[in-house]
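Structure below is query11.tsv: TSV, C-alpha atoms.
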```tsv
chain	number	residue	atom	x	y	z
A	201	MET	CA	0.00	0.00	0.00
A	202	GLY	CA	1.45	3.39	-0.98
A	203	ARG	CA	1.82	6.35	1.36
A	204	LEU	CA	-1.38	7.97	0.02
A	205	GLY	CA	-3.30	4.72	0.49
A	206	ILE	CA	-2.10	4.42	4.09
A	207	ILE	CA	-3.19	7.98	4.83
A	208	CYS	CA	-6.64	7.39	3.30
A	209	PHE	CA	-7.03	4.10	5.18
A	210	ALA	CA	-6.08	5.77	8.49
A	211	ALA	CA	-8.43	8.67	7.85
A	212	ALA	CA	-11.29	6.27	7.14
A	213	CYS	CA	-10.61	4.37	10.37
A	214	CYS	CA	-10.49	7.54	12.46
A	215	ALA	CA	-13.53	9.23	10.87
A	216	PRO	CA	-16.70	9.37	12.98
A	217	ALA	CA	-19.34	6.80	12.11
A	218	VAL	CA	-22.20	7.97	9.93
A	219	TRP	CA	-25.63	6.31	10.19
A	220	ALA	CA	-28.21	6.54	7.47
A	221	SER	CA	-30.99	7.51	9.88
A	222	ASP	CA	-33.68	10.18	10.07
A	223	VAL	CA	-33.92	9.99	13.88
A	224	GLY	CA	-32.95	13.44	15.16
A	225	LYS	CA	-33.52	15.10	11.79
A	226	ARG	CA	-34.57	18.73	12.25
A	227	PHE	CA	-37.21	20.72	10.38
A	228	PRO	CA	-37.51	24.52	10.40
A	229	PRO	CA	-40.36	26.19	12.32
A	230	GLU	CA	-43.73	26.32	10.60
A	231	THR	CA	-45.45	28.37	13.31
A	232	ARG	CA	-48.00	30.97	12.33
A	233	VAL	CA	-50.64	32.88	14.29
A	234	LEU	CA	-54.22	32.98	13.01
A	235	VAL	CA	-57.32	34.74	14.24
A	236	ASP	CA	-60.67	32.96	14.19
A	237	ARG	CA	-62.92	34.83	11.79
A	238	ILE	CA	-66.02	34.24	13.94
A	239	THR	CA	-64.79	34.63	17.52
A	240	GLY	CA	-61.63	36.69	17.14
A	241	VAL	CA	-59.75	34.20	19.30
A	242	PRO	CA	-56.10	33.73	18.18
A	243	LEU	CA	-54.74	30.30	17.31
A	244	THR	CA	-51.13	29.23	16.95
A	245	ALA	CA	-50.55	26.71	14.15
A	246	LEU	CA	-47.44	24.65	14.93
A	247	THR	CA	-47.37	22.73	11.64
A	248	SER	CA	-48.43	23.37	8.07
A	249	PRO	CA	-49.46	21.48	4.91
A	250	PRO	CA	-48.81	19.51	2.82
A	251	ALA	CA	-47.66	17.02	5.47
A	252	ASN	CA	-50.37	15.31	7.48
A	253	ASN	CA	-49.71	16.15	11.14
A	254	SER	CA	-51.97	14.63	13.79
A	255	LYS	CA	-51.94	14.76	17.57
A	256	ILE	CA	-51.87	11.86	19.98
A	257	TYR	CA	-55.39	10.84	21.02
A	258	GLN	CA	-56.95	13.14	23.62
A	259	THR	CA	-56.97	10.48	26.35
A	260	HIS	CA	-53.15	10.57	26.52
A	261	PRO	CA	-50.50	13.21	27.34
A	262	GLN	CA	-49.32	15.43	24.48
A	263	TRP	CA	-46.59	17.52	26.13
A	264	THR	CA	-43.25	16.21	27.35
A	265	ALA	CA	-42.79	16.14	31.12
A	266	ASP	CA	-40.82	19.40	31.06
A	267	GLY	CA	-43.68	21.10	29.16
A	268	GLN	CA	-41.45	22.26	26.30
A	269	TYR	CA	-42.28	19.89	23.43
A	270	ILE	CA	-45.48	18.48	21.95
A	271	VAL	CA	-45.19	14.97	20.51
A	272	PHE	CA	-47.19	14.25	17.36
A	273	ARG	CA	-47.43	12.01	14.29
A	274	SER	CA	-46.53	13.02	10.77
A	275	ASN	CA	-45.71	11.67	7.33
A	276	ARG	CA	-43.41	14.62	6.55
A	277	SER	CA	-40.37	12.36	6.04
A	278	GLY	CA	-42.16	10.32	3.41
A	279	GLY	CA	-43.24	6.72	3.77
A	280	LYS	CA	-44.59	5.46	7.07
A	281	THR	CA	-45.92	7.92	9.63
A	282	GLN	CA	-43.44	8.56	12.47
A	283	ALA	CA	-43.30	10.35	15.81
A	284	PHE	CA	-42.03	13.94	15.93
A	285	ALA	CA	-41.65	16.62	18.58
A	286	VAL	CA	-42.28	20.34	18.09
A	287	HIS	CA	-40.91	22.90	20.55
A	288	GLU	CA	-43.93	25.00	21.48
A	289	LEU	CA	-41.97	28.27	21.77
A	290	THR	CA	-39.34	28.02	19.02
A	291	GLY	CA	-41.36	25.92	16.59
A	292	ASP	CA	-38.39	23.63	15.88
A	293	ILE	CA	-39.46	20.12	14.79
A	294	VAL	CA	-37.42	16.97	15.43
A	295	GLN	CA	-38.02	13.45	14.13
A	296	LEU	CA	-38.08	10.87	16.96
A	297	THR	CA	-38.64	7.49	15.32
A	298	GLU	CA	-38.22	5.55	12.10
A	299	GLY	CA	-39.01	2.08	10.81
A	300	ASN	CA	-42.05	0.03	11.85
A	301	THR	CA	-43.26	2.37	14.59
A	302	ASP	CA	-46.83	1.97	15.83
A	303	THR	CA	-47.73	5.65	15.99
A	304	GLY	CA	-51.38	4.87	16.68
A	305	SER	CA	-50.67	4.70	20.39
A	306	LEU	CA	-47.75	6.84	21.51
A	307	ASN	CA	-47.27	7.31	25.25
A	308	VAL	CA	-45.48	10.38	26.56
A	309	ALA	CA	-44.32	9.86	30.15
A	310	ARG	CA	-45.43	12.40	32.74
A	311	LYS	CA	-42.54	11.92	35.18
A	312	SER	CA	-39.59	12.02	32.76
A	313	ASN	CA	-38.86	13.04	29.19
A	314	ARG	CA	-39.44	9.59	27.72
A	315	LEU	CA	-41.63	8.23	24.97
A	316	TYR	CA	-42.99	4.67	24.83
A	317	PHE	CA	-44.21	2.94	21.67
A	318	PHE	CA	-44.53	-0.47	20.04
A	319	ARG	CA	-42.33	-1.44	17.12
A	320	GLY	CA	-42.79	-4.33	14.72
A	321	ALA	CA	-44.29	-5.44	11.44
A	322	PRO	CA	-48.10	-5.82	11.48
A	323	GLU	CA	-47.99	-9.62	11.50
A	324	GLY	CA	-44.50	-10.08	12.97
A	325	PRO	CA	-42.87	-9.87	16.39
A	326	THR	CA	-43.60	-6.74	18.44
A	327	ALA	CA	-41.42	-5.00	21.02
A	328	LEU	CA	-42.18	-2.23	23.51
A	329	ILE	CA	-39.56	0.53	23.20
A	330	GLU	CA	-38.55	3.30	25.61
A	331	LEU	CA	-37.05	6.38	23.93
A	332	ASN	CA	-35.00	8.76	26.10
A	333	LEU	CA	-35.85	12.17	24.67
A	334	ASP	CA	-33.39	14.37	26.59
A	335	PRO	CA	-30.15	13.14	24.98
A	336	LEU	CA	-31.78	12.77	21.57
A	337	LEU	CA	-33.10	16.34	21.53
A	338	LYS	CA	-29.83	17.69	22.93
A	339	ASP	CA	-27.72	15.87	20.33
A	340	SER	CA	-30.10	16.87	17.54
A	341	LEU	CA	-29.72	20.54	18.48
A	342	ALA	CA	-25.93	20.18	18.62
A	343	GLY	CA	-25.78	18.26	15.36
A	344	ILE	CA	-23.80	15.35	16.87
A	345	LEU	CA	-26.29	12.51	16.63
A	346	LYS	CA	-25.44	8.97	17.63
A	347	GLU	CA	-27.00	5.84	16.15
A	348	PRO	CA	-30.74	5.60	17.03
A	349	ALA	CA	-30.18	2.59	19.31
A	350	ALA	CA	-28.13	4.81	21.64
A	351	TYR	CA	-31.31	6.61	22.69
A	352	GLU	CA	-33.56	3.54	23.00
A	353	ARG	CA	-34.16	0.65	25.36
A	354	GLN	CA	-36.19	-2.41	24.48
A	355	VAL	CA	-38.52	-2.87	27.43
A	356	ALA	CA	-40.07	-6.15	26.34
A	357	ALA	CA	-40.33	-8.54	23.44
A	358	MET	CA	-44.04	-9.27	23.28
A	359	PRO	CA	-45.37	-12.86	23.21
A	360	ALA	CA	-46.00	-14.48	19.83
A	361	GLY	CA	-49.35	-13.43	18.39
A	362	PHE	CA	-49.54	-10.31	20.56
A	363	ARG	CA	-51.81	-7.78	18.86
A	364	VAL	CA	-52.54	-4.37	20.39
A	365	SER	CA	-56.26	-3.51	20.51
A	366	GLY	CA	-57.45	-0.28	22.04
A	367	GLY	CA	-53.98	1.14	22.60
A	368	PHE	CA	-51.80	1.11	25.67
A	369	THR	CA	-51.23	3.41	28.62
A	370	LEU	CA	-48.76	4.12	31.44
A	371	ASP	CA	-49.62	3.56	35.08
A	372	ALA	CA	-49.53	6.61	37.36
A	373	ASP	CA	-46.28	5.42	38.96
A	374	GLU	CA	-44.80	4.69	35.51
A	375	THR	CA	-43.48	1.29	36.53
A	376	LYS	CA	-46.00	-0.55	34.32
A	377	ALA	CA	-47.78	-0.20	31.03
A	378	TYR	CA	-51.24	-1.63	30.33
A	379	SER	CA	-52.13	-2.75	26.83
A	380	GLY	CA	-55.35	-3.84	25.25
A	381	VAL	CA	-55.01	-7.00	23.17
A	382	SER	CA	-57.05	-8.74	20.51
A	383	LEU	CA	-57.94	-12.38	21.24
A	384	GLY	CA	-59.79	-12.97	17.97
A	385	ASP	CA	-63.52	-13.40	17.30
A	386	GLU	CA	-64.18	-9.87	18.65
A	387	LYS	CA	-62.79	-10.83	22.06
A	388	GLY	CA	-60.20	-8.82	23.92
A	389	GLY	CA	-58.17	-8.46	27.06
A	390	LEU	CA	-55.79	-6.35	29.11
A	391	ARG	CA	-52.15	-7.14	29.75
A	392	ALA	CA	-49.67	-5.51	32.16
A	393	ILE	CA	-46.05	-4.95	31.11
A	394	ASP	CA	-43.40	-4.35	33.78
A	395	LEU	CA	-41.28	-1.48	32.45
A	396	LYS	CA	-38.19	-2.65	34.33
A	397	THR	CA	-38.20	-6.41	33.77
A	398	GLY	CA	-40.34	-6.66	30.63
A	399	GLU	CA	-42.59	-9.28	32.25
A	400	VAL	CA	-46.04	-9.53	30.62
A	401	SER	CA	-48.99	-10.65	32.76
A	402	LYS	CA	-52.73	-11.02	32.30
A	403	ILE	CA	-55.12	-8.56	33.95
A	404	ILE	CA	-58.46	-9.61	32.47
A	405	ASP	CA	-60.13	-11.04	29.35
A	406	VAL	CA	-63.50	-9.80	28.10
A	407	PRO	CA	-66.02	-11.11	25.54
A	408	PHE	CA	-65.77	-8.02	23.33
A	409	ARG	CA	-63.27	-5.88	21.47
A	410	MET	CA	-61.05	-3.83	23.77
A	411	GLY	CA	-60.85	-0.08	23.23
A	412	HIS	CA	-59.60	3.26	24.61
A	413	VAL	CA	-57.41	1.79	27.36
A	414	GLN	CA	-56.33	4.53	29.77
A	415	ALA	CA	-54.87	4.37	33.27
A	416	ASN	CA	-55.73	6.87	35.98
A	417	PRO	CA	-52.83	9.37	35.73
A	418	TRP	CA	-53.04	10.17	39.46
A	419	VAL	CA	-53.91	6.86	41.17
A	420	SER	CA	-51.83	3.77	40.47
A	421	GLY	CA	-53.58	0.56	39.43
A	422	GLU	CA	-56.86	1.98	38.09
A	423	ILE	CA	-57.80	1.45	34.43
A	424	VAL	CA	-60.76	2.56	32.33
A	425	TYR	CA	-61.47	0.85	29.02
A	426	CYS	CA	-64.39	0.56	26.63
A	427	HIS	CA	-66.36	-1.90	24.58
A	428	GLU	CA	-65.25	-0.81	21.12
A	429	THR	CA	-67.78	-1.33	18.34
A	430	GLY	CA	-67.11	1.55	15.98
A	431	GLY	CA	-70.67	2.60	16.81
A	432	ASP	CA	-73.02	2.43	19.78
A	433	ALA	CA	-72.01	-0.21	22.33
A	434	PRO	CA	-74.70	-1.67	24.63
A	435	GLN	CA	-72.46	-0.68	27.56
A	436	ARG	CA	-69.55	1.58	26.58
A	437	MET	CA	-67.43	2.34	29.68
A	438	TRP	CA	-65.75	-0.14	32.06
A	439	PHE	CA	-63.38	0.00	35.02
A	440	VAL	CA	-60.91	-2.56	36.38
A	441	ARG	CA	-57.99	-2.58	38.80
A	442	ALA	CA	-54.56	-3.65	37.62
A	443	ASP	CA	-54.78	-6.87	39.66
A	444	GLY	CA	-57.92	-7.87	37.72
A	445	THR	CA	-60.37	-7.11	40.55
A	446	GLY	CA	-63.28	-4.69	40.59
A	447	ASN	CA	-64.22	-5.09	36.94
A	448	ARG	CA	-67.53	-3.23	36.47
A	449	PRO	CA	-69.45	-1.02	34.06
A	450	LEU	CA	-69.29	2.74	34.53
A	451	TYR	CA	-72.42	4.82	34.02
A	452	VAL	CA	-74.85	2.03	33.23
A	453	GLU	CA	-76.50	3.32	30.08
A	454	THR	CA	-79.97	2.81	28.66
A	455	PRO	CA	-80.77	1.64	25.09
A	456	ASP	CA	-81.66	5.20	24.03
A	457	GLU	CA	-78.29	6.67	25.09
A	458	TRP	CA	-75.15	6.73	22.95
A	459	VAL	CA	-72.11	7.07	25.23
A	460	THR	CA	-68.64	7.74	23.85
A	461	HIS	CA	-65.15	9.28	24.22
A	462	GLU	CA	-64.45	8.95	27.92
A	463	THR	CA	-61.30	10.48	29.44
A	464	TRP	CA	-59.78	10.99	32.90
A	465	ILE	CA	-59.61	14.62	34.04
A	466	ASP	CA	-58.43	14.17	37.66
A	467	ALA	CA	-57.93	11.43	40.24
A	468	GLU	CA	-61.66	10.87	40.75
A	469	HIS	CA	-63.53	12.14	37.69
A	470	ILE	CA	-64.10	11.00	34.12
A	471	LEU	CA	-65.63	13.12	31.38
A	472	PHE	CA	-67.60	11.51	28.58
A	473	VAL	CA	-70.11	12.46	25.89
A	474	VAL	CA	-73.73	11.35	25.65
A	475	MET	CA	-74.33	12.01	22.00
A	476	ALA	CA	-77.18	13.88	20.30
A	477	HIS	CA	-76.25	13.43	16.66
A	478	LEU	CA	-79.47	11.50	15.88
A	479	PRO	CA	-82.98	12.88	16.50
A	480	ARG	CA	-84.03	9.79	18.51
A	481	LEU	CA	-81.26	10.50	21.04
A	482	ARG	CA	-82.52	13.98	21.92
A	483	THR	CA	-85.42	12.80	24.10
A	484	LYS	CA	-83.05	12.48	27.07
A	485	PRO	CA	-80.28	14.72	28.45
A	486	THR	CA	-77.17	14.78	26.25
A	487	GLY	CA	-73.86	16.60	26.22
A	488	ILE	CA	-70.63	16.44	28.20
A	489	PHE	CA	-71.12	14.49	31.42
A	490	CYS	CA	-68.83	14.20	34.45
A	491	LEU	CA	-68.77	10.95	36.46
A	492	ASN	CA	-67.38	10.69	40.00
A	493	LEU	CA	-65.67	7.31	40.06
A	494	ARG	CA	-65.90	7.03	43.86
A	495	ASN	CA	-69.65	7.51	44.36
A	496	ASN	CA	-71.05	7.22	40.79
A	497	GLU	CA	-72.55	10.73	40.94
A	498	VAL	CA	-73.10	12.22	37.49
A	499	GLN	CA	-73.20	15.88	36.50
A	500	VAL	CA	-74.29	17.21	33.09
A	501	LEU	CA	-71.86	20.00	32.22
A	502	GLY	CA	-73.54	21.27	29.07
A	503	GLN	CA	-74.61	20.80	25.49
A	504	VAL	CA	-74.78	22.88	22.31
A	505	GLU	CA	-77.48	22.99	19.66
A	506	GLY	CA	-77.70	20.71	16.65
A	507	ARG	CA	-75.87	17.41	16.76
A	508	GLY	CA	-74.02	18.41	19.90
A	509	PHE	CA	-70.59	17.49	21.23
A	510	TRP	CA	-68.42	14.68	19.88
A	511	HIS	CA	-65.21	14.58	22.00
A	512	CYS	CA	-64.33	16.18	25.31
A	513	ASN	CA	-61.54	16.94	27.72
A	514	GLY	CA	-61.08	18.82	30.98
A	515	SER	CA	-58.49	20.73	32.98
A	516	ALA	CA	-57.16	18.93	36.04
A	517	ASP	CA	-57.98	21.86	38.32
A	518	GLY	CA	-61.70	21.31	37.71
A	519	ARG	CA	-62.27	24.72	36.15
A	520	TRP	CA	-62.76	23.91	32.47
A	521	ALA	CA	-64.26	21.39	30.11
A	522	VAL	CA	-63.85	21.55	26.35
A	523	GLY	CA	-65.76	19.84	23.56
A	524	ASP	CA	-65.57	19.62	19.79
A	525	THR	CA	-68.55	19.25	17.46
A	526	PHE	CA	-69.42	17.50	14.22
A	527	GLU	CA	-69.16	20.88	12.48
A	528	GLY	CA	-65.56	21.43	13.60
A	529	SER	CA	-66.22	24.01	16.33
A	530	LEU	CA	-64.58	24.09	19.75
A	531	TYR	CA	-66.49	25.18	22.86
A	532	LEU	CA	-65.24	25.92	26.38
A	533	ILE	CA	-67.41	25.23	29.44
A	534	ASP	CA	-66.69	27.09	32.67
A	535	ARG	CA	-67.56	24.51	35.33
A	536	THR	CA	-67.83	27.19	38.03
A	537	SER	CA	-70.52	29.18	36.23
A	538	GLY	CA	-71.91	26.80	33.59
A	539	GLU	CA	-71.14	29.35	30.86
A	540	ILE	CA	-70.45	27.89	27.41
A	541	ALA	CA	-68.25	29.96	25.09
A	542	LEU	CA	-67.45	29.34	21.43
A	543	LEU	CA	-63.66	29.42	21.01
A	544	THR	CA	-62.97	28.63	17.38
A	545	THR	CA	-64.62	27.26	14.24
A	546	GLY	CA	-63.89	25.70	10.87
A	547	HIS	CA	-61.81	22.70	11.98
A	548	ARG	CA	-63.99	19.99	10.46
A	549	MET	CA	-62.14	17.29	8.59
A	550	ARG	CA	-62.79	13.71	7.56
A	551	PRO	CA	-62.27	11.13	8.86
A	552	ASP	CA	-60.59	12.78	11.86
A	553	HIS	CA	-61.76	15.23	14.50
A	554	ALA	CA	-60.29	18.05	16.61
A	555	HIS	CA	-59.63	15.82	19.66
A	556	PRO	CA	-58.99	18.64	22.19
A	557	THR	CA	-56.51	18.17	25.06
A	558	PHE	CA	-55.61	20.60	27.85
A	559	SER	CA	-52.03	21.50	28.73
A	560	GLN	CA	-50.76	20.62	32.20
A	561	ASP	CA	-51.53	24.13	33.50
A	562	GLY	CA	-55.07	24.17	32.06
A	563	LYS	CA	-54.47	27.38	30.10
A	564	ARG	CA	-53.98	25.99	26.59
A	565	ILE	CA	-55.83	23.52	24.40
A	566	LEU	CA	-54.17	21.46	21.68
A	567	ILE	CA	-56.26	20.39	18.70
A	568	GLN	CA	-55.73	18.94	15.24
A	569	SER	CA	-57.29	20.87	12.39
A	570	GLY	CA	-57.94	20.73	8.66
A	571	LEU	CA	-58.36	24.50	8.50
A	572	LEU	CA	-55.11	25.30	6.65
A	573	SER	CA	-55.52	22.58	4.04
A	574	GLY	CA	-59.24	22.78	3.44
A	575	GLY	CA	-59.60	19.36	5.08
A	576	ALA	CA	-57.02	17.63	2.87
A	577	SER	CA	-54.58	17.13	5.77
A	578	LEU	CA	-54.25	17.86	9.47
A	579	ASP	CA	-52.18	20.32	11.46
A	580	LEU	CA	-51.52	20.99	15.14
A	581	MET	CA	-52.97	24.16	16.66
A	582	VAL	CA	-52.89	25.61	20.16
A	583	VAL	CA	-55.77	27.72	21.48
A	584	ASN	CA	-55.21	29.74	24.64
A	585	VAL	CA	-58.07	29.97	27.13
A	586	PRO	CA	-58.93	33.68	26.67
A	587	LEU	CA	-57.84	35.89	29.57
A	588	TRP	CA	-61.29	37.46	29.82
A	589	LEU	CA	-62.68	33.99	30.57
A	590	GLN	CA	-59.87	33.08	32.99
A	591	VAL	CA	-60.58	36.08	35.24
A	592	ARG	CA	-64.30	35.38	35.51
A	593	ARG	CA	-65.57	33.63	38.62
```

Here is the file; what I need is its structure written in the form of structure tokens.
Amino acid sequence: MGRLGIICFAAACCAPAVWASDVGKRFPPETRVLVDRITGVPLTALTSPPANNSKIYQTHPQWTADGQYIVFRSNRSGGKTQAFAVHELTGDIVQLTEGNTDTGSLNVARKSNRLYFFRGAPEGPTALIELNLDPLLKDSLAGILKEPAAYERQVAAMPAGFRVSGGFTLDADETKAYSGVSLGDEKGGLRAIDLKTGEVSKIIDVPFRMGHVQANPWVSGEIVYCHETGGDAPQRMWFVRADGTGNRPLYVETPDEWVTHETWIDAEHILFVVMAHLPRLRTKPTGIFCLNLRNNEVQVLGQVEGRGFWHCNGSADGRWAVGDTFEGSLYLIDRTSGEIALLTTGHRMRPDHAHPTFSQDGKRILIQSGLLSGGASLDLMVVNVPLWLQVRR
């Protein structure tokens, strides 16, 4: 080997490794401020077309534990939809995952800047992955990214035939995850996954399809799930403890009620919608309801005209409830006064919906919207609770 060849060989050996990966890839800010043409309320769009950018479902956290980033799903890198994070103040966007990521059920931890998700081919082996966001976001900003595996930990290799049904959720103490599973023939179950050891254990099996699995974010070992039908279930909401005890229906409904879209709002209360989208359903009270899990007391928070509310959410301090409608409008309910205020309009899109979620401090609401694209794709928008409503008591 000549002198030049030796130099080239040495340089190649000493050069830093380069990985053909999009994990950590950065995208410039797309933030813009809009003003609702009907209400005058400002909205901050964090993403823009033509990419399709959708939020995590409203039953789960959206913001990282430090409150700086919002985690979302997007196809902006081409190919399969992946997880991304957008810095709420700077607008910077960072890609978090690649490959066969199940973005249908992303779980942002509340106690640390970590993201949990399943990875695997649809009919192949599945693994639960923990992604440490702090070093990834730091290295992405510095432009010194390591290989993607340096930021990940495989929590568990799931049993053969494991199929997620109804999503998965993190326990309040974040030592366990709970996943809905499909058992075939429209039967389902719940499984616990130890986040330290990877052990998978049975909680309960049920004779229907599992849906909307969500743990109580404040009390360890409490899980709400639903009978998922894609329509009107005979009994929608259910509760069970993580040890498999206490399985029972929540809010025992009648045949002329259509219950949907339940979500925890604090340690004791669950919001849900009793729908009014069909004329036959309007002979009984409808709207956003609040259920006290401890004594089964139910409060009707409010309803709007027409087909009424579709999805709901609430602030953990008990002050606010929010609901979206079939027409793509967003309404805020002041639980102290009962006042209902229209916040913003024009967010209707098919087949998705606004799916509102409150920030940790209860002052901002994250939605997904088809407003910028005319319904062709989705974008993330943040709506502040107007100051004039915050100061009212």

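Straight-line separation from CA of Met410 (chain A) to CA of Ile393 (chain A): 16.7 Å.
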
Just the residues within 9 Å of Thr244 (chain A), please, counting all atoms listed in the file, with nothing from its chain fewer than 5 positions along; format it as a PyMOL selection string. chain A and resi 231-235+580-584

Kindly compute an axis-aligned box around the listed atoms of region 502-505 of chain A, allowing 5 Å on each side, and express its centre and edge lengths in Å to one decimal as AutoDock Vina command-line options.
```
--center_x -75.5 --center_y 21.9 --center_z 24.4 --size_x 13.9 --size_y 12.2 --size_z 19.4
```

Distance query Asp579 (chain A) at most 8 Å, all atoms listed in the file, self and fewer than 6 positions along chain excluded, as a list in words: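 After dropping sequence-adjacent residues, the list is Ala245, Leu246, Thr247, Ser248, Pro249, Asn252, Asn253, Ser254, Gln568, Ser569, Gly570 and Leu572 of chain A.
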
To one decimal in Å, tell me the separation between CA of Leu345 (chain A) and CA of Gly224 (chain A). 6.9 Å

Arg564 (chain A) environment, 12 Å, all atoms listed in the file, sequence neighbours closer than 3 positions dropped, as a PyMOL selection string: chain A and resi 242-244+262-263+267+288+513-515+520-522+532+543+556-561+567+581-587+590

Would you pick out the contacts of region 326-341 of chain A at 8 Å or less, using all atoms listed in the file, so that residues sharing its chain but fewer than 5 positions from it are not included, and give the list as a PyMOL selection string? chain A and resi 224-226+294+313-321+346+351-359+362

Name the residues in contact with Thr369 (chain A) at a cut-off of 12 Å, using only C-alpha atoms, excluding same-chain residues fewer than 3 positions from it; report them as a PDB file with C-alpha atoms, in the coordinates of the input.
```pdb
ATOM      1  CA  TYR A 257     -55.390  10.840  21.020  1.00  0.00           C
ATOM      2  CA  THR A 259     -56.970  10.480  26.350  1.00  0.00           C
ATOM      3  CA  HIS A 260     -53.150  10.570  26.520  1.00  0.00           C
ATOM      4  CA  PRO A 261     -50.500  13.210  27.340  1.00  0.00           C
ATOM      5  CA  SER A 305     -50.670   4.700  20.390  1.00  0.00           C
ATOM      6  CA  LEU A 306     -47.750   6.840  21.510  1.00  0.00           C
ATOM      7  CA  ASN A 307     -47.270   7.310  25.250  1.00  0.00           C
ATOM      8  CA  VAL A 308     -45.480  10.380  26.560  1.00  0.00           C
ATOM      9  CA  ALA A 309     -44.320   9.860  30.150  1.00  0.00           C
ATOM     10  CA  ARG A 310     -45.430  12.400  32.740  1.00  0.00           C
ATOM     11  CA  LEU A 315     -41.630   8.230  24.970  1.00  0.00           C
ATOM     12  CA  TYR A 316     -42.990   4.670  24.830  1.00  0.00           C
ATOM     13  CA  PHE A 317     -44.210   2.940  21.670  1.00  0.00           C
ATOM     14  CA  PHE A 318     -44.530  -0.470  20.040  1.00  0.00           C
ATOM     15  CA  LEU A 328     -42.180  -2.230  23.510  1.00  0.00           C
ATOM     16  CA  VAL A 364     -52.540  -4.370  20.390  1.00  0.00           C
ATOM     17  CA  SER A 365     -56.260  -3.510  20.510  1.00  0.00           C
ATOM     18  CA  GLY A 366     -57.450  -0.280  22.040  1.00  0.00           C
ATOM     19  CA  ALA A 372     -49.530   6.610  37.360  1.00  0.00           C
ATOM     20  CA  ASP A 373     -46.280   5.420  38.960  1.00  0.00           C
ATOM     21  CA  GLU A 374     -44.800   4.690  35.510  1.00  0.00           C
ATOM     22  CA  THR A 375     -43.480   1.290  36.530  1.00  0.00           C
ATOM     23  CA  LYS A 376     -46.000  -0.550  34.320  1.00  0.00           C
ATOM     24  CA  ALA A 377     -47.780  -0.200  31.030  1.00  0.00           C
ATOM     25  CA  TYR A 378     -51.240  -1.630  30.330  1.00  0.00           C
ATOM     26  CA  SER A 379     -52.130  -2.750  26.830  1.00  0.00           C
ATOM     27  CA  GLY A 380     -55.350  -3.840  25.250  1.00  0.00           C
ATOM     28  CA  LEU A 390     -55.790  -6.350  29.110  1.00  0.00           C
ATOM     29  CA  ARG A 391     -52.150  -7.140  29.750  1.00  0.00           C
ATOM     30  CA  ALA A 392     -49.670  -5.510  32.160  1.00  0.00           C
ATOM     31  CA  ILE A 393     -46.050  -4.950  31.110  1.00  0.00           C
ATOM     32  CA  LEU A 395     -41.280  -1.480  32.450  1.00  0.00           C
ATOM     33  CA  GLY A 411     -60.850  -0.080  23.230  1.00  0.00           C
ATOM     34  CA  HIS A 412     -59.600   3.260  24.610  1.00  0.00           C
ATOM     35  CA  VAL A 413     -57.410   1.790  27.360  1.00  0.00           C
ATOM     36  CA  GLN A 414     -56.330   4.530  29.770  1.00  0.00           C
ATOM     37  CA  ALA A 415     -54.870   4.370  33.270  1.00  0.00           C
ATOM     38  CA  ASN A 416     -55.730   6.870  35.980  1.00  0.00           C
ATOM     39  CA  PRO A 417     -52.830   9.370  35.730  1.00  0.00           C
ATOM     40  CA  SER A 420     -51.830   3.770  40.470  1.00  0.00           C
ATOM     41  CA  GLY A 421     -53.580   0.560  39.430  1.00  0.00           C
ATOM     42  CA  GLU A 422     -56.860   1.980  38.090  1.00  0.00           C
ATOM     43  CA  ILE A 423     -57.800   1.450  34.430  1.00  0.00           C
ATOM     44  CA  VAL A 424     -60.760   2.560  32.330  1.00  0.00           C
ATOM     45  CA  TYR A 425     -61.470   0.850  29.020  1.00  0.00           C
ATOM     46  CA  ALA A 442     -54.560  -3.650  37.620  1.00  0.00           C
TER      47      ALA A 442
END
```

Could you tell me how far CA of Ser312 (chain A) sits from CA of Val440 (chain A), in Å to one decimal place?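 These two atoms are separated by 26.1 Å.
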
Nearest to Phe368 (chain A) among A:Asp552, A:Asp266, A:Glu347, A:Asp302, with distances taken over only C-alpha atoms: which residue is it? A:Asp302

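The smallest atom-to-atom distance between Ile403 (chain A) and any of A:Asp443, A:Thr460, A:Asp432, A:Trp418, using all atoms listed in the file, is found for A:Asp443.
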
Taking (-38.7, 27.2, 7.8) in the coordinates of the supplied file, I want to know which residues reach to within 10 Å of it, counting only C-alpha atoms; could you give the answer as an mmCIF file with C-alpha atoms, in the frame of the given file?
```cif
data_model
loop_
_atom_site.group_PDB
_atom_site.id
_atom_site.type_symbol
_atom_site.label_atom_id
_atom_site.label_comp_id
_atom_site.auth_asym_id
_atom_site.auth_seq_id
_atom_site.Cartn_x
_atom_site.Cartn_y
_atom_site.Cartn_z
ATOM 1 C CA PHE A 227 -37.210 20.720 10.380
ATOM 2 C CA PRO A 228 -37.510 24.520 10.400
ATOM 3 C CA PRO A 229 -40.360 26.190 12.320
ATOM 4 C CA GLU A 230 -43.730 26.320 10.600
ATOM 5 C CA THR A 231 -45.450 28.370 13.310
ATOM 6 C CA GLY A 291 -41.360 25.920 16.590
ATOM 7 C CA ASP A 292 -38.390 23.630 15.880
ATOM 8 C CA ILE A 293 -39.460 20.120 14.790
#
```
